[in-house]
Amino acid sequence: MLAGIYASAVATALFAGGPVDVEAVESHSVRAEARFDVFGAADRAVALTYDRSLVPVGSWIAVRQHTAPGGATTVRLKVAGMKPGHAYGVHVHRKPCGADPEAAGGHYQHRPSSDPRHVSPDNEVWLDFTADRRGAGAASARHDWGFRPGEASSVVIHDVPGGAGARAACFTVPFGPVGRDE
C-alpha cells in the first residue's frame, strides 16, 4: 500500500514537471551481526571486547538500522552471552572500533554539542538493556531523524546504563545514509 502511495507521488511530480526528491521516497536498512573477540585474535574482528567479565569472548551481537521514507530511523540491538543480570549502557558512536576503547570516538549526536545537557536519549541513540538470566538482551530506539553520512560507525557497550561509563565492548556497524537531516 505504501509503495503505491510513494509511486503515485513520484508519478504526480513527474507528470507535473516538478522535481522528484528520491531520498524522501526511499527507505534504507542495515543489519550486522558478529561474535565478540579480543583485538588481534582475528584478522577482521568487528566486535571487540575490552572487559571479558561483562562481554565474554564469543558473545553475540546483532544491530539493525531501518530508516523509513522521510528519515525516521529505528535502531534495534540484540545480544547473547553477556553477564546475566547486568545492566549495560549502549550508544551509537561516531567512529569504528579499535584496539583502544576510545577509538570509537564520542556518541553520535543528531545536534552535535559539547553541552552535557545534550547527552540524552533524545539527541543520541541509547540502547540500554539488562541481560536476562541467560545473558540475552534487546533494546530499540526510534528517532525522527537519520544519520549524517559517515558520522555513525559503531555501537559501544558501556559497563553501566545512562550517558557514560567505561567501554566494555565495541561493534563496528556500517550504518546507512541519512534520511532527511533537519
# chains A, B, ... in the order shown; residues from 1 in each chain; ligands from 1
>>> residues_around(residues="Ala164 of chain A", least_positions_apart="4", cutoff="9 Å", atoms="only C-alpha atoms", output="VMD selection string")
chain A and resid 89 119 158 to 160
>>> closest_atom_pairs(of="segment 48-79 of chain A", to="segment 95-109 of chain A", cutoff="12 Å", atoms="only C-alpha atoms", output="CSV")
residue,atom,partner,partner_atom,distance
A:Leu48,CA,A:Cys97,CA,7.3
A:Thr49,CA,A:Pro101,CA,9.0
A:Tyr50,CA,A:Pro101,CA,7.0
A:Asp51,CA,A:Pro101,CA,10.1
>>> atom_distance(atom1="atom CA of Val75 of chain A", atom2="atom CA of Arg148 of chain A")
14.6 Å
>>> select_by_dssp(residues="chain A", states="helix (DSSP H, G or I)", output="compact mmCIF listing (two decimals) with N, CA, C and O atoms, in the first residue's frame")
# COMPACT_ATOMS: atom_id res chain seq x y z
N LEU A 2 1.88 1.29 0.93
CA LEU A 2 2.76 2.46 0.98
C LEU A 2 3.53 2.62 -0.32
O LEU A 2 3.73 3.73 -0.79
N ALA A 3 3.98 1.49 -0.91
CA ALA A 3 4.72 1.57 -2.17
C ALA A 3 3.86 2.23 -3.23
O ALA A 3 4.34 3.04 -4.03
N GLY A 4 2.57 1.91 -3.24
CA GLY A 4 1.66 2.52 -4.20
C GLY A 4 1.51 4.01 -3.98
O GLY A 4 1.46 4.80 -4.92
N ILE A 5 1.47 4.42 -2.71
CA ILE A 5 1.34 5.84 -2.39
C ILE A 5 2.59 6.59 -2.87
O ILE A 5 2.51 7.64 -3.49
N TYR A 6 3.78 6.02 -2.58
CA TYR A 6 5.03 6.68 -2.99
C TYR A 6 5.17 6.70 -4.51
O TYR A 6 5.58 7.69 -5.08
N ALA A 7 4.79 5.60 -5.16
CA ALA A 7 4.86 5.56 -6.63
C ALA A 7 3.92 6.61 -7.21
O ALA A 7 4.26 7.30 -8.18
N SER A 8 2.76 6.75 -6.59
CA SER A 8 1.81 7.77 -7.05
C SER A 8 2.37 9.17 -6.88
O SER A 8 2.22 10.02 -7.76
N ALA A 9 3.04 9.42 -5.76
CA ALA A 9 3.63 10.75 -5.52
C ALA A 9 4.72 11.04 -6.54
O ALA A 9 4.81 12.16 -7.05
N VAL A 10 5.54 10.05 -6.87
CA VAL A 10 6.60 10.24 -7.86
C VAL A 10 5.97 10.50 -9.23
O VAL A 10 6.37 11.42 -9.94
N ALA A 11 4.97 9.71 -9.60
CA ALA A 11 4.31 9.89 -10.90
C ALA A 11 3.68 11.28 -10.99
O ALA A 11 3.80 11.96 -12.01
N THR A 12 3.02 11.73 -9.93
CA THR A 12 2.39 13.05 -9.92
C THR A 12 3.44 14.13 -10.13
O THR A 12 3.25 15.06 -10.92
N ALA A 13 4.58 14.03 -9.43
CA ALA A 13 5.63 15.04 -9.58
C ALA A 13 6.22 15.01 -10.99
O ALA A 13 6.48 16.06 -11.57
N LEU A 14 6.40 13.82 -11.56
CA LEU A 14 6.96 13.72 -12.91
C LEU A 14 6.03 14.33 -13.94
O LEU A 14 6.45 15.10 -14.79
N PHE A 15 4.75 13.98 -13.85
CA PHE A 15 3.80 14.49 -14.82
C PHE A 15 3.54 15.98 -14.64
O PHE A 15 3.21 16.68 -15.58
N VAL A 22 14.05 11.85 -4.46
CA VAL A 22 14.14 10.39 -4.31
C VAL A 22 14.43 10.02 -2.87
O VAL A 22 13.92 9.04 -2.36
N GLU A 23 15.25 10.81 -2.18
CA GLU A 23 15.60 10.49 -0.81
C GLU A 23 14.35 10.43 0.08
O GLU A 23 14.28 9.63 1.00
N ALA A 24 13.36 11.23 -0.20
CA ALA A 24 12.13 11.22 0.59
C ALA A 24 11.28 10.00 0.28
O ALA A 24 10.40 9.66 1.03
N VAL A 25 11.57 9.31 -0.83
CA VAL A 25 10.76 8.19 -1.25
C VAL A 25 11.36 6.86 -0.79
O VAL A 25 10.65 5.93 -0.49
N PRO A 101 39.87 1.33 23.44
CA PRO A 101 38.43 1.55 23.58
C PRO A 101 37.97 2.95 23.17
O PRO A 101 36.82 3.14 22.77
N GLU A 102 38.86 3.94 23.25
CA GLU A 102 38.50 5.31 22.89
C GLU A 102 38.47 5.54 21.38
O GLU A 102 38.07 6.61 20.92
N ALA A 103 38.91 4.56 20.58
CA ALA A 103 38.97 4.71 19.12
C ALA A 103 37.62 5.04 18.50
O ALA A 103 37.55 5.72 17.48
N ALA A 104 36.53 4.60 19.12
CA ALA A 104 35.19 4.82 18.57
C ALA A 104 34.72 6.26 18.71
O ALA A 104 33.64 6.61 18.23
N PRO A 116 26.75 19.22 28.21
CA PRO A 116 26.35 17.94 28.81
C PRO A 116 24.84 17.70 28.80
O PRO A 116 24.40 16.55 28.85
N ARG A 117 24.04 18.76 28.71
CA ARG A 117 22.58 18.59 28.66
C ARG A 117 22.13 17.91 27.37
O ARG A 117 21.02 17.40 27.31
N HIS A 118 22.98 17.92 26.35
CA HIS A 118 22.62 17.30 25.07
C HIS A 118 23.03 15.84 24.98
O HIS A 118 22.82 15.19 23.97
>>> closest_residue(among="A:Val92, A:Val156, A:Leu77, A:Val173", to="Ser140 of chain A", atoms="only C-alpha atoms")
A:Leu77
>>> select_by_dssp(residues="segment 1-151 of chain A", states="strand (DSSP E or B)", output="VMD selection string")
chain A and resid 28 to 35 37 47 to 49 60 to 67 73 to 80 87 to 93 107 126 129 to 130 137 to 143
>>> closest_residue(among="A:Ala136, A:Phe171, A:Ala68, A:Ser120", to="Phe39 of chain A", atoms="only C-alpha atoms")
A:Phe171
>>> decode(residues="segment 23-112 of chain A", atoms="C-alpha atoms", output="PDB file, in the first residue's frame")
ATOM      1  CA  GLU A  23      15.598  10.495  -0.805  1.00  0.00           C
ATOM      2  CA  ALA A  24      12.133  11.217   0.587  1.00  0.00           C
ATOM      3  CA  VAL A  25      10.762   8.186  -1.252  1.00  0.00           C
ATOM      4  CA  GLU A  26      13.330   5.500  -0.455  1.00  0.00           C
ATOM      5  CA  SER A  27      13.975   3.620   2.758  1.00  0.00           C
ATOM      6  CA  HIS A  28      17.232   2.053   3.883  1.00  0.00           C
ATOM      7  CA  SER A  29      18.047  -0.934   6.105  1.00  0.00           C
ATOM      8  CA  VAL A  30      21.294  -2.299   7.500  1.00  0.00           C
ATOM      9  CA  ARG A  31      21.731  -5.484   9.529  1.00  0.00           C
ATOM     10  CA  ALA A  32      25.045  -6.566  11.018  1.00  0.00           C
ATOM     11  CA  GLU A  33      25.966  -9.300  13.471  1.00  0.00           C
ATOM     12  CA  ALA A  34      29.174 -10.700  14.934  1.00  0.00           C
ATOM     13  CA  ARG A  35      30.778 -12.548  17.810  1.00  0.00           C
ATOM     14  CA  PHE A  36      32.965 -10.603  20.212  1.00  0.00           C
ATOM     15  CA  ASP A  37      36.693 -11.272  20.286  1.00  0.00           C
ATOM     16  CA  VAL A  38      39.819  -9.575  21.620  1.00  0.00           C
ATOM     17  CA  PHE A  39      41.826  -7.268  19.384  1.00  0.00           C
ATOM     18  CA  GLY A  40      44.330  -9.163  17.248  1.00  0.00           C
ATOM     19  CA  ALA A  41      42.673 -12.560  17.690  1.00  0.00           C
ATOM     20  CA  ALA A  42      41.030 -12.379  14.274  1.00  0.00           C
ATOM     21  CA  ASP A  43      42.141 -10.644  11.094  1.00  0.00           C
ATOM     22  CA  ARG A  44      38.990  -8.583  10.722  1.00  0.00           C
ATOM     23  CA  ALA A  45      37.274  -8.554  14.120  1.00  0.00           C
ATOM     24  CA  VAL A  46      34.461  -6.021  14.019  1.00  0.00           C
ATOM     25  CA  ALA A  47      33.188  -6.796  17.526  1.00  0.00           C
ATOM     26  CA  LEU A  48      35.802  -6.239  20.227  1.00  0.00           C
ATOM     27  CA  THR A  49      35.527  -6.951  23.930  1.00  0.00           C
ATOM     28  CA  TYR A  50      37.521  -4.807  26.326  1.00  0.00           C
ATOM     29  CA  ASP A  51      36.024  -6.252  29.533  1.00  0.00           C
ATOM     30  CA  ARG A  52      35.697 -10.027  29.223  1.00  0.00           C
ATOM     31  CA  SER A  53      33.876 -10.324  32.547  1.00  0.00           C
ATOM     32  CA  LEU A  54      30.963  -8.273  31.130  1.00  0.00           C
ATOM     33  CA  VAL A  55      31.231  -9.195  27.428  1.00  0.00           C
ATOM     34  CA  PRO A  56      32.892 -12.631  27.190  1.00  0.00           C
ATOM     35  CA  VAL A  57      34.742 -13.718  24.051  1.00  0.00           C
ATOM     36  CA  GLY A  58      32.169 -15.441  21.841  1.00  0.00           C
ATOM     37  CA  SER A  59      29.232 -13.280  22.987  1.00  0.00           C
ATOM     38  CA  TRP A  60      26.967 -12.381  20.069  1.00  0.00           C
ATOM     39  CA  ILE A  61      25.563  -9.045  18.900  1.00  0.00           C
ATOM     40  CA  ALA A  62      23.177  -8.041  16.117  1.00  0.00           C
ATOM     41  CA  VAL A  63      22.244  -4.479  15.166  1.00  0.00           C
ATOM     42  CA  ARG A  64      19.589  -3.443  12.688  1.00  0.00           C
ATOM     43  CA  GLN A  65      19.050   0.080  11.413  1.00  0.00           C
ATOM     44  CA  HIS A  66      15.986   0.971   9.392  1.00  0.00           C
ATOM     45  CA  THR A  67      15.499   4.464   8.007  1.00  0.00           C
ATOM     46  CA  ALA A  68      11.997   4.984   6.677  1.00  0.00           C
ATOM     47  CA  PRO A  69      10.963   7.324   3.878  1.00  0.00           C
ATOM     48  CA  GLY A  70      11.264  10.835   5.254  1.00  0.00           C
ATOM     49  CA  GLY A  71      14.175   9.997   7.558  1.00  0.00           C
ATOM     50  CA  ALA A  72      12.754   8.431  10.743  1.00  0.00           C
ATOM     51  CA  THR A  73      15.298   5.888  11.977  1.00  0.00           C
ATOM     52  CA  THR A  74      14.913   2.860  14.227  1.00  0.00           C
ATOM     53  CA  VAL A  75      17.950   1.030  15.609  1.00  0.00           C
ATOM     54  CA  ARG A  76      17.468  -2.400  17.204  1.00  0.00           C
ATOM     55  CA  LEU A  77      20.002  -4.315  19.286  1.00  0.00           C
ATOM     56  CA  LYS A  78      20.083  -7.980  20.306  1.00  0.00           C
ATOM     57  CA  VAL A  79      22.828  -9.643  22.338  1.00  0.00           C
ATOM     58  CA  ALA A  80      23.545 -13.083  23.802  1.00  0.00           C
ATOM     59  CA  GLY A  81      26.247 -14.448  26.068  1.00  0.00           C
ATOM     60  CA  MET A  82      26.559 -11.344  28.252  1.00  0.00           C
ATOM     61  CA  LYS A  83      26.910 -11.337  32.064  1.00  0.00           C
ATOM     62  CA  PRO A  84      23.486 -12.418  33.382  1.00  0.00           C
ATOM     63  CA  GLY A  85      21.582  -9.748  35.333  1.00  0.00           C
ATOM     64  CA  HIS A  86      23.999  -6.930  34.463  1.00  0.00           C
ATOM     65  CA  ALA A  87      22.626  -3.542  33.299  1.00  0.00           C
ATOM     66  CA  TYR A  88      24.511  -2.098  30.302  1.00  0.00           C
ATOM     67  CA  GLY A  89      24.557   1.287  28.604  1.00  0.00           C
ATOM     68  CA  VAL A  90      24.743   1.188  24.801  1.00  0.00           C
ATOM     69  CA  HIS A  91      25.132   4.076  22.356  1.00  0.00           C
ATOM     70  CA  VAL A  92      25.863   4.664  18.696  1.00  0.00           C
ATOM     71  CA  HIS A  93      29.357   6.186  18.392  1.00  0.00           C
ATOM     72  CA  ARG A  94      30.972   8.261  15.652  1.00  0.00           C
ATOM     73  CA  LYS A  95      33.998   6.141  14.647  1.00  0.00           C
ATOM     74  CA  PRO A  96      34.820   2.446  14.049  1.00  0.00           C
ATOM     75  CA  CYS A  97      36.134   0.255  16.876  1.00  0.00           C
ATOM     76  CA  GLY A  98      39.836  -0.198  17.503  1.00  0.00           C
ATOM     77  CA  ALA A  99      42.297  -1.762  19.926  1.00  0.00           C
ATOM     78  CA  ASP A 100      41.967   1.318  22.149  1.00  0.00           C
ATOM     79  CA  PRO A 101      38.428   1.548  23.583  1.00  0.00           C
ATOM     80  CA  GLU A 102      38.496   5.308  22.887  1.00  0.00           C
ATOM     81  CA  ALA A 103      38.974   4.713  19.122  1.00  0.00           C
ATOM     82  CA  ALA A 104      35.195   4.816  18.567  1.00  0.00           C
ATOM     83  CA  GLY A 105      35.125   8.493  19.488  1.00  0.00           C
ATOM     84  CA  GLY A 106      32.158  10.107  21.181  1.00  0.00           C
ATOM     85  CA  HIS A 107      28.445   9.443  20.963  1.00  0.00           C
ATOM     86  CA  TYR A 108      26.752  10.215  17.662  1.00  0.00           C
ATOM     87  CA  GLN A 109      24.573  13.272  18.269  1.00  0.00           C
ATOM     88  CA  HIS A 110      21.797  14.485  16.000  1.00  0.00           C
ATOM     89  CA  ARG A 111      22.622  18.042  17.025  1.00  0.00           C
ATOM     90  CA  PRO A 112      26.347  17.970  17.886  1.00  0.00           C
TER      91      PRO A 112
END
